[in-house]
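Report on the following structure.
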Amino acid sequence: MEGSVANGVSAPLPGRCAFYVAKKKRYCKMIVGSGKTFCGEHANAGEESEKKRIPCPLDPKHTVFEDHLAKHLKKCNSKEKPKPIYYVKDINAGSANEDEPIEEVIVLLMRACESRFHGFN
Ligand SMILES: [Zn+2]
Ligand SMILES: [Zn+2]
């Protein structure tokens with residue numbers, strides 16, 4: 001990157017944590033292991049700022065990482081009544097395969113979630 005000097009202020013120093021400490025107006029100076037971007041303290045903070053948390057479609061009282069949603073929905077404590085699509089799929093399939101129908105439920109939920117929280121950030 002031209003014009004950007006890796007001085008820990010405009011860009012993180014090489015081999016140092018890439019977490020920007022807003023309060024100090026510079027990047028964290030902790031040395032990180034090779035291949036790592038953030039120090040132990042900021043590993044979570046970095047992840048959280050990159051990943052988007054969305055309200056759980058089954059229970060908006062708690063949130064879940066967007067990319068963990070599919071996984072979460074399978075074990076969410078708020079999972080109760082199956083959606084109508086589940087019945088349809090279940091009847092058609094003849095046998096109850098838990099994995100396939102849930103994918104469709106997830107798609108529906110995500111769609112419902114998108115329209116419901118559209119414009120809501
Ligand atoms: Zn750090
Ligand atoms: Zn949940």
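We label chains A, B, ... in the order they appear in the structure tokens, count residues from 1 in each chain, and number ligands from 1 in the order shown.
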
Inset, instruction - Could I get the residue neighbourhood of ligand 1 at 10 Å, counting only C-alpha atoms and all ligand atoms, as a list of chain:residue names? - result: A:Arg16, A:Cys17, A:Ala18, A:Phe19, A:Tyr20, A:Val21, A:Tyr27, A:Cys28, A:Lys29, A:Met30, A:Ile31, A:Val32, A:Thr37, A:Phe38, A:Cys39, A:Gly40, A:Glu41, A:His42, A:Ala43, A:Asn44, A:Ala45, A:Gly46

Export of prior selection with C-alpha atoms as an mmCIF file, in the first residue's frame:
```cif
data_model
loop_
_atom_site.group_PDB
_atom_site.id
_atom_site.type_symbol
_atom_site.label_atom_id
_atom_site.label_comp_id
_atom_site.auth_asym_id
_atom_site.auth_seq_id
_atom_site.Cartn_x
_atom_site.Cartn_y
_atom_site.Cartn_z
ATOM 1 C CA ARG A 16 2.236 -6.979 15.759
ATOM 2 C CA CYS A 17 -1.427 -7.150 16.644
ATOM 3 C CA ALA A 18 -3.653 -5.572 14.007
ATOM 4 C CA PHE A 19 -6.272 -4.422 16.485
ATOM 5 C CA TYR A 20 -6.808 -0.678 16.313
ATOM 6 C CA VAL A 21 -7.027 0.817 19.760
ATOM 7 C CA TYR A 27 -2.637 -0.170 16.680
ATOM 8 C CA CYS A 28 -2.039 -2.612 19.492
ATOM 9 C CA LYS A 29 1.666 -3.280 19.898
ATOM 10 C CA MET A 30 1.443 -6.829 21.187
ATOM 11 C CA ILE A 31 3.610 -9.256 19.246
ATOM 12 C CA VAL A 32 1.590 -11.986 17.580
ATOM 13 C CA THR A 37 -3.421 -11.236 13.035
ATOM 14 C CA PHE A 38 -4.400 -10.395 16.570
ATOM 15 C CA CYS A 39 -2.852 -10.903 19.976
ATOM 16 C CA GLY A 40 -4.590 -13.199 22.447
ATOM 17 C CA GLU A 41 -6.390 -10.309 24.031
ATOM 18 C CA HIS A 42 -7.778 -9.008 20.769
ATOM 19 C CA ALA A 43 -8.396 -12.258 18.920
ATOM 20 C CA ASN A 44 -12.038 -12.233 19.989
ATOM 21 C CA ALA A 45 -12.515 -8.526 19.513
ATOM 22 C CA GLY A 46 -11.220 -8.774 15.968
#
```

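Residues in contact with ligand 2 (atom pairs separated by at most 12 Å; only C-alpha atoms and all ligand atoms) are Arg53, Ile54, Pro55, Cys56, Pro57, Leu58, Asp59, Pro60, Lys61, His62, Thr63, Val64, Phe65, Glu66, His68, Leu69, Ala70, Lys71, His72, Leu73, Lys74, Lys75, Cys76, Asn77, Ser78, Lys79, Glu80, Ile106 and Leu109 of chain A.
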
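Residues of segment 34-69 of chain A carrying a DSSP assignment of helix (DSSP H, G or I), computed from the backbone, are A:Ala43, A:Asn44, A:Ala45, A:Gly46, A:Glu47, A:Glu48, A:Ser49, A:Glu50, A:Glu66, A:Asp67, A:His68, A:Leu69.
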
Legend entry - For atom CA of Asp67 of chain A and atom CA of Ala112 of chain A, the interatomic separation in Å (one decimal): 16.5 Å
